[in-house]
$ cat work34.cif   # mmCIF, C-alpha atoms
data_data
loop_
_atom_site.label_atom_id
_atom_site.label_comp_id
_atom_site.auth_asym_id
_atom_site.auth_seq_id
_atom_site.Cartn_x
_atom_site.Cartn_y
_atom_site.Cartn_z
CA MET L 1 -19.93 -0.71 -17.62
CA SER L 2 -18.39 2.67 -18.51
CA SER L 3 -14.72 3.35 -17.90
CA HIS L 4 -15.54 5.26 -14.69
CA ALA L 5 -18.62 3.46 -13.32
CA VAL L 6 -18.31 1.50 -10.09
CA PRO L 7 -20.83 -1.31 -9.46
CA GLU L 8 -23.18 -1.02 -6.48
CA THR L 9 -23.43 -4.79 -6.00
CA VAL L 10 -20.62 -7.33 -5.69
CA PRO L 11 -18.89 -7.54 -9.09
CA LEU L 12 -18.78 -11.01 -10.59
CA ALA L 13 -14.98 -10.78 -10.51
CA PHE L 14 -15.10 -10.54 -6.69
CA LYS L 15 -17.65 -13.21 -5.80
CA ALA L 16 -14.93 -15.29 -4.12
CA LEU L 17 -12.81 -12.41 -2.79
CA PRO L 18 -11.71 -13.07 0.81
CA PRO L 19 -12.49 -10.33 3.34
CA PHE L 20 -9.92 -7.93 4.69
CA PRO L 21 -8.88 -9.16 8.18
CA GLN L 22 -11.53 -7.76 10.51
CA VAL L 23 -9.19 -7.66 13.48
CA ALA L 24 -6.98 -5.29 11.45
CA MET L 25 -9.84 -2.92 10.67
CA ARG L 26 -10.98 -2.88 14.29
CA LEU L 27 -7.44 -2.35 15.51
CA VAL L 28 -6.86 0.54 13.10
CA GLU L 29 -10.13 2.10 14.30
CA ALA L 30 -9.11 1.69 17.94
CA LEU L 31 -5.66 3.15 17.34
CA SER L 32 -7.26 6.14 15.58
CA GLN L 33 -9.16 7.13 18.72
CA GLU L 34 -7.41 9.62 20.94
CA ASP L 35 -8.71 7.87 24.05
CA ALA L 36 -7.71 4.36 22.92
CA PHE L 37 -6.50 2.33 25.88
CA LEU L 38 -3.73 -0.25 25.64
CA LYS L 39 -6.06 -2.79 27.25
CA GLN L 40 -8.58 -2.32 24.43
CA VAL L 41 -5.87 -2.94 21.83
CA ALA L 42 -4.66 -6.04 23.67
CA GLU L 43 -8.21 -7.41 23.79
CA LEU L 44 -8.59 -6.96 20.04
CA LEU L 45 -5.34 -8.76 19.32
CA ARG L 46 -6.36 -11.71 21.46
CA MET L 47 -9.03 -12.32 18.80
CA ASP L 48 -6.28 -13.37 16.39
CA GLN L 49 -3.06 -14.55 18.02
CA ALA L 50 -1.43 -15.38 14.67
CA PHE L 51 -2.05 -11.85 13.44
CA ALA L 52 -0.58 -10.41 16.63
CA ALA L 53 2.47 -12.63 16.23
CA GLU L 54 3.06 -11.34 12.69
CA ILE L 55 2.96 -7.74 13.90
CA LEU L 56 5.41 -8.53 16.71
CA LYS L 57 7.75 -10.29 14.30
CA LEU L 58 7.84 -7.21 12.10
CA ALA L 59 8.26 -4.88 15.08
CA ASN L 60 11.35 -6.88 16.11
CA SER L 61 12.84 -6.93 12.60
CA ALA L 62 15.15 -4.52 10.81
CA TRP L 63 12.00 -2.62 9.82
CA PHE L 64 12.36 -0.49 12.96
CA GLY L 65 15.81 -1.43 14.22
CA LEU L 66 14.75 -1.11 17.86
CA ARG L 67 17.51 -1.62 20.42
CA SER L 68 15.36 -3.63 22.83
CA ARG L 69 13.14 -6.57 22.01
CA VAL L 70 9.40 -5.94 21.79
CA ASP L 71 7.46 -8.67 23.60
CA SER L 72 3.88 -7.37 23.29
CA LEU L 73 1.84 -4.99 21.18
CA THR L 74 1.32 -2.71 24.15
CA HIS L 75 5.12 -2.60 24.51
CA ALA L 76 5.40 -1.73 20.80
CA ILE L 77 2.90 1.11 21.22
CA VAL L 78 4.94 2.51 24.10
CA LEU L 79 8.21 2.32 22.10
CA VAL L 80 7.15 3.53 18.66
CA GLY L 81 3.71 5.09 19.20
CA THR L 82 0.22 4.29 17.98
CA ALA L 83 0.77 5.77 14.51
CA LYS L 84 3.67 3.40 13.77
CA VAL L 85 1.78 0.40 15.13
CA LYS L 86 -1.18 1.40 12.97
CA SER L 87 0.96 1.36 9.81
CA LEU L 88 2.44 -1.97 10.91
CA THR L 89 -1.06 -3.36 11.32
CA VAL L 90 -2.18 -2.27 7.86
CA THR L 91 1.01 -3.67 6.30
CA VAL L 92 0.61 -7.07 7.93
CA ALA L 93 -3.10 -7.18 7.10
CA LEU L 94 -2.57 -6.37 3.42
CA HIS L 95 0.31 -8.85 3.17
CA ARG L 96 -1.87 -11.54 4.74
CA PHE L 97 -4.73 -10.68 2.37
CA ALA L 98 -2.52 -11.02 -0.72
CA LYS L 99 -0.20 -13.77 0.51
CA GLY L 100 -1.73 -16.68 -1.38
CA ALA L 101 -1.39 -14.90 -4.71
CA LEU L 102 2.21 -13.90 -4.05
CA ARG L 103 3.43 -17.36 -5.03
CA HIS L 104 3.40 -15.97 -8.58
CA ALA L 105 6.54 -13.93 -9.28
CA ALA L 106 4.58 -11.51 -11.48
CA LEU L 107 2.07 -10.85 -8.72
CA LYS L 108 4.78 -10.42 -6.09
CA ARG L 109 5.99 -7.48 -8.20
CA CYS L 110 2.62 -5.80 -7.60
CA TRP L 111 3.02 -6.22 -3.84
CA HIS L 112 6.57 -4.92 -3.97
CA GLN L 113 5.44 -1.87 -5.96
CA SER L 114 2.79 -1.07 -3.32
CA LEU L 115 5.26 -1.53 -0.48
CA ALA L 116 7.89 0.63 -2.21
CA THR L 117 5.27 3.31 -2.86
CA ALA L 118 4.36 3.31 0.85
CA CYS L 119 8.00 3.63 1.97
CA LEU L 120 8.68 6.44 -0.48
CA ALA L 121 5.50 8.34 0.39
CA GLU L 122 6.52 8.15 4.04
CA ARG L 123 9.98 9.50 3.24
CA MET L 124 8.72 12.37 1.07
CA ALA L 125 5.82 13.39 3.33
CA PRO L 126 7.69 15.97 5.50
CA ALA L 127 8.73 17.89 2.37
CA PHE L 128 5.03 18.63 1.78
CA GLY L 129 4.04 19.14 5.41
CA LEU L 130 2.21 15.78 5.59
CA GLU L 131 2.33 13.19 8.37
CA ARG L 132 4.63 10.26 7.62
CA ASP L 133 2.29 7.51 8.79
CA ARG L 134 -0.74 8.83 6.93
CA ALA L 135 1.42 9.07 3.82
CA TYR L 136 2.69 5.51 4.29
CA THR L 137 -0.83 4.09 4.54
CA ALA L 138 -1.97 6.11 1.51
CA GLY L 139 0.92 4.76 -0.56
CA LEU L 140 0.31 1.19 0.58
CA MET L 141 -3.42 1.20 -0.14
CA ARG L 142 -3.28 3.22 -3.37
CA GLU L 143 -3.37 0.10 -5.56
CA ILE L 144 -5.74 -1.98 -3.41
CA GLY L 145 -7.90 -2.56 -6.50
CA ARG L 146 -5.04 -4.17 -8.38
CA LEU L 147 -4.19 -6.33 -5.35
CA ALA L 148 -7.83 -7.37 -4.99
CA LEU L 149 -7.98 -8.46 -8.63
CA LEU L 150 -4.81 -10.53 -8.34
CA VAL L 151 -6.09 -12.20 -5.15
CA ALA L 152 -9.39 -13.07 -6.85
CA HIS L 153 -7.80 -14.14 -10.17
CA PRO L 154 -4.11 -14.92 -9.59
CA ALA L 155 -3.44 -17.01 -12.71
CA GLU L 156 -5.15 -14.62 -15.12
CA CYS L 157 -3.50 -11.57 -13.54
CA ALA L 158 -0.08 -13.23 -13.60
CA ASN L 159 -0.41 -13.88 -17.34
CA LEU L 160 -1.62 -10.32 -17.94
CA ILE L 161 1.23 -8.75 -15.96
CA GLU L 162 3.84 -10.93 -17.65
CA ALA L 163 2.53 -9.80 -21.04
CA ALA L 164 2.52 -6.15 -19.92
CA ALA L 165 6.14 -6.47 -18.77
CA GLU L 166 7.15 -7.18 -22.37
CA ARG L 167 5.22 -4.38 -24.07
CA SER L 168 3.18 -1.32 -23.21
CA THR L 169 -0.43 -2.40 -22.66
CA ASP L 170 -3.60 -0.52 -21.78
CA MET L 171 -4.21 -2.51 -18.61
CA LEU L 172 -7.58 -0.90 -17.88
CA ASP L 173 -9.11 -2.00 -21.20
CA VAL L 174 -7.75 -5.52 -20.87
CA GLU L 175 -8.92 -5.82 -17.24
CA ARG L 176 -12.45 -4.72 -18.15
CA GLU L 177 -12.50 -7.23 -20.98
CA LEU L 178 -11.26 -10.09 -18.77
CA PHE L 179 -12.98 -9.33 -15.45
CA GLY L 180 -15.75 -6.84 -16.22
CA ILE L 181 -14.01 -4.31 -13.97
CA ASP L 182 -10.65 -2.55 -14.02
CA HIS L 183 -8.31 -2.00 -11.09
CA ARG L 184 -9.37 1.64 -10.60
CA GLN L 185 -13.04 0.68 -10.34
CA ALA L 186 -12.08 -2.29 -8.20
CA GLY L 187 -10.20 -0.05 -5.78
CA VAL L 188 -13.14 2.31 -5.34
CA TRP L 189 -15.51 -0.62 -4.79
CA VAL L 190 -13.22 -2.33 -2.27
CA ALA L 191 -12.62 0.91 -0.34
CA ARG L 192 -16.37 1.47 -0.11
CA GLU L 193 -17.27 -2.09 0.84
CA TRP L 194 -14.52 -2.35 3.45
CA LYS L 195 -15.49 1.05 4.86
CA PHE L 196 -12.10 2.69 4.49
CA PRO L 197 -11.92 6.24 5.89
CA PRO L 198 -12.71 9.09 3.45
CA GLU L 199 -9.06 10.13 3.24
CA LEU L 200 -8.02 6.72 1.88
CA ARG L 201 -11.02 6.52 -0.43
CA GLU L 202 -9.92 9.80 -2.00
CA VAL L 203 -6.38 8.51 -2.60
CA ILE L 204 -7.71 5.31 -4.21
CA ALA L 205 -10.37 7.05 -6.33
CA GLU L 206 -8.04 9.76 -7.64
CA GLN L 207 -4.97 7.61 -8.24
CA GLU L 208 -4.75 8.25 -11.99
CA TYR L 209 -6.51 11.60 -12.32
CA VAL L 210 -4.87 13.83 -9.73
CA TRP L 211 -3.19 16.98 -10.99
CA ILE L 212 0.00 17.59 -9.04
CA ARG L 213 -0.11 21.17 -7.80
CA GLU L 214 0.50 23.20 -4.66
CA PRO L 215 -0.24 22.36 -1.95
CA VAL L 216 0.54 18.67 -2.51
CA GLY L 217 -2.00 16.47 -0.71
CA LEU L 218 -2.09 12.75 -0.06
CA PRO L 219 -3.43 11.69 -3.51
CA ALA L 220 -0.66 13.62 -5.31
CA LEU L 221 2.00 12.42 -2.88
CA ALA L 222 0.93 8.79 -3.38
CA GLN L 223 1.09 9.30 -7.13
CA LEU L 224 4.59 10.80 -6.95
CA ALA L 225 5.72 7.95 -4.70
CA SER L 226 4.34 5.40 -7.16
CA HIS L 227 6.21 7.03 -10.06
CA LEU L 228 9.39 7.01 -7.98
CA ALA L 229 8.93 3.34 -7.06
CA ASP L 230 8.69 2.54 -10.77
CA ALA L 231 11.78 4.62 -11.56
CA LEU L 232 13.77 2.79 -8.86
CA GLY L 233 13.00 -0.60 -10.43
CA PHE L 234 9.97 -1.69 -8.39
CA GLN L 235 7.45 -1.38 -11.21
CA ALA L 236 4.85 -4.13 -11.52
CA TYR L 237 4.85 -3.79 -15.31
CA ARG L 238 6.02 -1.32 -17.94
CA PRO L 239 4.37 2.09 -17.39
CA HIS L 240 2.72 3.89 -20.32
CA LEU L 241 4.57 7.14 -19.54
CA PRO L 242 7.54 6.31 -17.33
CA TRP L 243 8.97 8.96 -15.01
CA THR L 244 12.62 9.26 -14.06
CA VAL L 245 13.88 9.79 -10.52
CA GLU L 246 14.73 13.37 -11.51
CA ASP L 247 11.16 13.94 -12.76
CA VAL L 248 9.78 13.07 -9.32
CA LEU L 249 12.38 14.89 -7.24
CA ALA L 250 11.74 18.07 -9.23
CA TYR L 251 8.44 18.38 -7.32
CA LEU L 252 10.22 18.44 -3.96
CA PRO L 253 11.36 21.74 -2.42
CA ALA L 254 15.07 22.45 -2.98
CA HIS L 255 16.07 21.65 0.60
CA ALA L 256 14.28 18.28 0.42
CA GLN L 257 15.96 17.43 -2.89
CA ALA L 258 19.36 18.15 -1.40
CA GLY L 259 18.79 15.79 1.51
CA PHE L 260 17.28 12.94 -0.50
CA PRO L 261 19.32 9.70 -0.59
CA PRO L 262 20.91 8.56 -3.88
CA PRO L 263 18.70 6.17 -5.90
CA ASP L 264 20.82 3.06 -5.20
CA GLU L 265 20.80 3.73 -1.45
CA LEU L 266 17.07 4.39 -1.47
CA ALA L 267 16.33 1.17 -3.37
CA ALA L 268 18.51 -0.81 -0.94
CA LEU L 269 16.62 0.59 2.06
CA ILE L 270 13.32 -0.47 0.51
CA ARG L 271 14.61 -3.98 -0.26
CA ASP L 272 15.67 -4.33 3.39
CA LYS L 273 12.13 -3.53 4.50
CA MET L 274 10.72 -6.05 2.03
CA ALA L 275 13.07 -8.70 3.39
CA ALA L 276 11.91 -7.95 6.94
CA LEU L 277 8.34 -8.62 5.86
CA GLY L 278 9.31 -11.91 4.29
CA GLY L 279 9.47 -10.92 0.63
#

$ encode --input "work34.cif" --output "C-alpha cells"
Amino acid sequence: MSSHAVPETVPLAFKALPPFPQVAMRLVEALSQEDAFLKQVAELLRMDQAFAAEILKLANSAWFGLRSRVDSLTHAIVLVGTAKVKSLTVTVALHRFAKGALRHAALKRCWHQSLATACLAERMAPAFGLERDRAYTAGLMREIGRLALLVAHPAECANLIEAAAERSTDMLDVERELFGIDHRQAGVWVAREWKFPPELREVIAEQEYVWIREPVGLPALAQLASHLADALGFQAYRPHLPWTVEDVLAYLPAHAQAGFPPPDELAALIRDKMAALGG
C-alpha cells in the first residue's frame, strides 16, 4: 500500500475493531437536526441506559460547573443546549470506545492528547470566527485513526509509543510495517466506514497536510490545537518538529493573544476536564 492509499475493504489490522457506539451516532444525528424533539432524544438514550448515565455523570461534573443538578438528558439540553450535549455525547462515546486500551499508560497519553486538542480547539475557535462546539469535535476526532489502531492492537501500540517517547521516530513508516496501515490512512478509513459527516472527514484526512493560512478553517485549527497540546505537555510521543506555545499563539489575532490564559493555567484547566471524565 502506498503512503497515501486507503483500503476499500476492512484492513487486516481492523478485523477485530469494535464498532463506534451506534446510540452515539444516532444521537449526534438527531441533535444535528433543527427540528429534533427532546422526546426523540430521550427515546434514543433509552436504548443504552449505561451510555445515558455516563453523559449525565459528565454533565454534573466540573466539566460544566452547573449550579443545579442535571437529572435527565432533556434537562441537560435545556440548560446547556444541543450543541454542548452533542460534544458531550461524542466525548463519552470515544472514551467508551477506547476505554479498554487505556489501561496502558502509553495509550492513555494518546487519549489525553486528543482530549487536550479538543479543549484547546474549542478555546481558540472564536479567534477565527468558528463555532466552539464544532471546533471541539474536530479536535477530539482528529486522531481517530491513532485511537483505532491502539484499540485494535493495544500491546503493540503501547510498545511503539514508549519507544517513540525516547527518540524521534517516523511513526507512519513503523505503523505501516507493523499493521499494514498507518494512523492517517486508518483515520480516513474509519471516518468513511462510520459515516462521519464531510466536515469531520476533511479534518481527519488533512491532519498532517494542511497549510495554515487565512482564513483558518477547522482542519488548520485542529492542527494548531494539536501542536499547542503537545507544547503544554500532553504529547503522546516526541514530535518530529515540536512547536512552542509562542509558535501557536502567533497565529492568533493580537486581541486573542492578549486574552489567552498563561500556559500553566491552561494546562490545569485541561487536567480538570480530564479528571471529570475519569482520567

$ resolve_selection --input "work34.cif" --expression "the PyMOL selection byres ((chain L and resi 242) around 8)" --output "compact mmCIF listing (two decimals) with C-alpha atoms, in the frame of the given file"
# COMPACT_ATOMS: atom_id res chain seq x y z
CA HIS L 227 6.21 7.03 -10.06
CA ASP L 230 8.69 2.54 -10.77
CA ALA L 231 11.78 4.62 -11.56
CA ARG L 238 6.02 -1.32 -17.94
CA PRO L 239 4.37 2.09 -17.39
CA HIS L 240 2.72 3.89 -20.32
CA LEU L 241 4.57 7.14 -19.54
CA TRP L 243 8.97 8.96 -15.01
CA THR L 244 12.62 9.26 -14.06

$ atom_distance --input "work34.cif" --atom1 "atom CA of Ala53 of chain L" --atom2 "atom CA of Leu140 of chain L"
21.0 Å

$ closest_residue --input "work34.cif" --among "L:Ala229, L:Ala276, L:Val92, L:Val248" --to "Gly65 of chain L" --atoms "all atoms listed in the file"
L:Ala276

$ atom_distance --input "work34.cif" --atom1 "atom CA of Pro19 of chain L" --atom2 "atom CA of Ala220 of chain L"
28.1 Å

$ residues_around --input "work34.cif" --residues "segment 249-252 of chain L" --least-positions-apart "4" --cutoff "12 Å" --atoms "all atoms listed in the file" --output "ChimeraX atom specification"
/L:120-121,123-129,212-216,220-221,223-225,227-228,231,243-245,256-263

$ write_last_selection --input "work34.cif" --atoms "C-alpha atoms" --output "PDB file, keeping the file's coordinate frame"
ATOM      1  CA  LEU L 120       8.680   6.440  -0.480  1.00  0.00           C
ATOM      2  CA  ALA L 121       5.500   8.340   0.390  1.00  0.00           C
ATOM      3  CA  ARG L 123       9.980   9.500   3.240  1.00  0.00           C
ATOM      4  CA  MET L 124       8.720  12.370   1.070  1.00  0.00           C
ATOM      5  CA  ALA L 125       5.820  13.390   3.330  1.00  0.00           C
ATOM      6  CA  PRO L 126       7.690  15.970   5.500  1.00  0.00           C
ATOM      7  CA  ALA L 127       8.730  17.890   2.370  1.00  0.00           C
ATOM      8  CA  PHE L 128       5.030  18.630   1.780  1.00  0.00           C
ATOM      9  CA  GLY L 129       4.040  19.140   5.410  1.00  0.00           C
ATOM     10  CA  ILE L 212       0.000  17.590  -9.040  1.00  0.00           C
ATOM     11  CA  ARG L 213      -0.110  21.170  -7.800  1.00  0.00           C
ATOM     12  CA  GLU L 214       0.500  23.200  -4.660  1.00  0.00           C
ATOM     13  CA  PRO L 215      -0.240  22.360  -1.950  1.00  0.00           C
ATOM     14  CA  VAL L 216       0.540  18.670  -2.510  1.00  0.00           C
ATOM     15  CA  ALA L 220      -0.660  13.620  -5.310  1.00  0.00           C
ATOM     16  CA  LEU L 221       2.000  12.420  -2.880  1.00  0.00           C
ATOM     17  CA  GLN L 223       1.090   9.300  -7.130  1.00  0.00           C
ATOM     18  CA  LEU L 224       4.590  10.800  -6.950  1.00  0.00           C
ATOM     19  CA  ALA L 225       5.720   7.950  -4.700  1.00  0.00           C
ATOM     20  CA  HIS L 227       6.210   7.030 -10.060  1.00  0.00           C
ATOM     21  CA  LEU L 228       9.390   7.010  -7.980  1.00  0.00           C
ATOM     22  CA  ALA L 231      11.780   4.620 -11.560  1.00  0.00           C
ATOM     23  CA  TRP L 243       8.970   8.960 -15.010  1.00  0.00           C
ATOM     24  CA  THR L 244      12.620   9.260 -14.060  1.00  0.00           C
ATOM     25  CA  VAL L 245      13.880   9.790 -10.520  1.00  0.00           C
ATOM     26  CA  ALA L 256      14.280  18.280   0.420  1.00  0.00           C
ATOM     27  CA  GLN L 257      15.960  17.430  -2.890  1.00  0.00           C
ATOM     28  CA  ALA L 258      19.360  18.150  -1.400  1.00  0.00           C
ATOM     29  CA  GLY L 259      18.790  15.790   1.510  1.00  0.00           C
ATOM     30  CA  PHE L 260      17.280  12.940  -0.500  1.00  0.00           C
ATOM     31  CA  PRO L 261      19.320   9.700  -0.590  1.00  0.00           C
ATOM     32  CA  PRO L 262      20.910   8.560  -3.880  1.00  0.00           C
ATOM     33  CA  PRO L 263      18.700   6.170  -5.900  1.00  0.00           C
TER      34      PRO L 263
END

$ closest_residue --input "work34.cif" --among "L:Ala152, L:Ala138, L:Ala267, L:Met274" --to "Pro198 of chain L" --atoms "all atoms listed in the file"
L:Ala138

$ resolve_selection --input "work34.cif" --expression "the PyMOL selection byres ((chain L and resi 71) around 12)" --output "PyMOL selection string"
chain L and resi 52-53+55-60+66+68-70+72-79

$ resolve_selection --input "work34.cif" --expression "the PyMOL selection byres ((chain L and resi 272) around 12)" --output "count of residues only"
23

$ residues_around --input "work34.cif" --residues "His183 of chain L" --least-positions-apart "2" --cutoff "9 Å" --atoms "all atoms listed in the file" --output "PyMOL selection string"
chain L and resi 143-149+171-172+175-176+181+185-188

$ decode --input "work34.cif" --residues "segment 122-196 of chain L" --atoms "C-alpha atoms" --output "mmCIF file, in the first residue's frame"
data_model
loop_
_atom_site.group_PDB
_atom_site.id
_atom_site.type_symbol
_atom_site.label_atom_id
_atom_site.label_comp_id
_atom_site.auth_asym_id
_atom_site.auth_seq_id
_atom_site.Cartn_x
_atom_site.Cartn_y
_atom_site.Cartn_z
ATOM 1 C CA GLU L 122 -12.781 24.962 21.453
ATOM 2 C CA ARG L 123 -10.984 27.782 23.271
ATOM 3 C CA MET L 124 -9.274 29.141 20.145
ATOM 4 C CA ALA L 125 -12.289 28.847 17.826
ATOM 5 C CA PRO L 126 -13.787 32.344 18.416
ATOM 6 C CA ALA L 127 -10.483 33.964 17.415
ATOM 7 C CA PHE L 128 -11.016 32.531 13.918
ATOM 8 C CA GLY L 129 -14.766 33.041 13.736
ATOM 9 C CA LEU L 130 -15.506 29.314 14.180
ATOM 10 C CA GLU L 131 -18.135 27.683 16.393
ATOM 11 C CA ARG L 132 -16.750 26.331 19.653
ATOM 12 C CA ASP L 133 -18.582 23.007 19.598
ATOM 13 C CA ARG L 134 -17.693 22.193 16.006
ATOM 14 C CA ALA L 135 -14.077 23.008 16.829
ATOM 15 C CA TYR L 136 -14.171 20.797 19.930
ATOM 16 C CA THR L 137 -15.466 17.798 17.969
ATOM 17 C CA ALA L 138 -12.901 18.368 15.205
ATOM 18 C CA GLY L 139 -10.069 18.415 17.748
ATOM 19 C CA LEU L 140 -11.357 15.317 19.509
ATOM 20 C CA MET L 141 -11.772 13.238 16.357
ATOM 21 C CA ARG L 142 -8.638 14.449 14.560
ATOM 22 C CA GLU L 143 -6.587 11.433 15.687
ATOM 23 C CA ILE L 144 -9.356 8.815 15.479
ATOM 24 C CA GLY L 145 -7.056 6.673 13.315
ATOM 25 C CA ARG L 146 -4.417 6.519 16.032
ATOM 26 C CA LEU L 147 -7.064 5.681 18.641
ATOM 27 C CA ALA L 148 -8.492 2.959 16.407
ATOM 28 C CA LEU L 149 -5.068 1.357 15.996
ATOM 29 C CA LEU L 150 -4.422 1.350 19.737
ATOM 30 C CA VAL L 151 -7.851 -0.175 20.421
ATOM 31 C CA ALA L 152 -7.210 -2.928 17.867
ATOM 32 C CA HIS L 153 -3.578 -3.544 18.909
ATOM 33 C CA PRO L 154 -3.035 -2.146 22.415
ATOM 34 C CA ALA L 155 0.133 -4.063 23.347
ATOM 35 C CA GLU L 156 1.934 -3.377 20.069
ATOM 36 C CA CYS L 157 0.926 0.305 20.083
ATOM 37 C CA ALA L 158 1.995 0.709 23.713
ATOM 38 C CA ASN L 159 5.465 -0.630 22.892
ATOM 39 C CA LEU L 160 5.696 1.598 19.813
ATOM 40 C CA ILE L 161 4.666 4.739 21.698
ATOM 41 C CA GLU L 162 7.036 4.014 24.575
ATOM 42 C CA ALA L 163 9.890 3.692 22.076
ATOM 43 C CA ALA L 164 8.838 6.915 20.320
ATOM 44 C CA ALA L 165 8.809 8.752 23.659
ATOM 45 C CA GLU L 166 12.544 8.090 23.979
ATOM 46 C CA ARG L 167 13.609 9.117 20.476
ATOM 47 C CA SER L 168 12.204 10.735 17.367
ATOM 48 C CA THR L 169 10.595 8.023 15.232
ATOM 49 C CA ASP L 170 8.828 8.065 11.881
ATOM 50 C CA MET L 171 5.609 6.625 13.266
ATOM 51 C CA LEU L 172 3.921 6.307 9.874
ATOM 52 C CA ASP L 173 6.625 4.028 8.445
ATOM 53 C CA VAL L 174 6.697 1.866 11.556
ATOM 54 C CA GLU L 175 2.887 1.613 11.686
ATOM 55 C CA ARG L 176 2.711 0.519 8.043
ATOM 56 C CA GLU L 177 5.386 -2.084 8.695
ATOM 57 C CA LEU L 178 3.624 -3.434 11.810
ATOM 58 C CA PHE L 179 -0.045 -3.152 10.829
ATOM 59 C CA GLY L 180 -0.119 -2.667 7.063
ATOM 60 C CA ILE L 181 -1.740 0.739 7.593
ATOM 61 C CA ASP L 182 -0.682 3.967 9.287
ATOM 62 C CA HIS L 183 -2.786 6.152 11.565
ATOM 63 C CA ARG L 184 -3.548 8.705 8.820
ATOM 64 C CA GLN L 185 -4.893 6.016 6.491
ATOM 65 C CA ALA L 186 -6.667 4.404 9.430
ATOM 66 C CA GLY L 187 -8.411 7.673 10.277
ATOM 67 C CA VAL L 188 -9.692 8.160 6.742
ATOM 68 C CA TRP L 189 -10.929 4.568 6.605
ATOM 69 C CA VAL L 190 -12.670 4.769 9.996
ATOM 70 C CA ALA L 191 -14.314 8.107 9.150
ATOM 71 C CA ARG L 192 -15.648 6.642 5.907
ATOM 72 C CA GLU L 193 -16.841 3.363 7.396
ATOM 73 C CA TRP L 194 -18.516 5.036 10.366
ATOM 74 C CA LYS L 195 -20.135 7.591 8.056
ATOM 75 C CA PHE L 196 -18.769 10.678 9.758
#
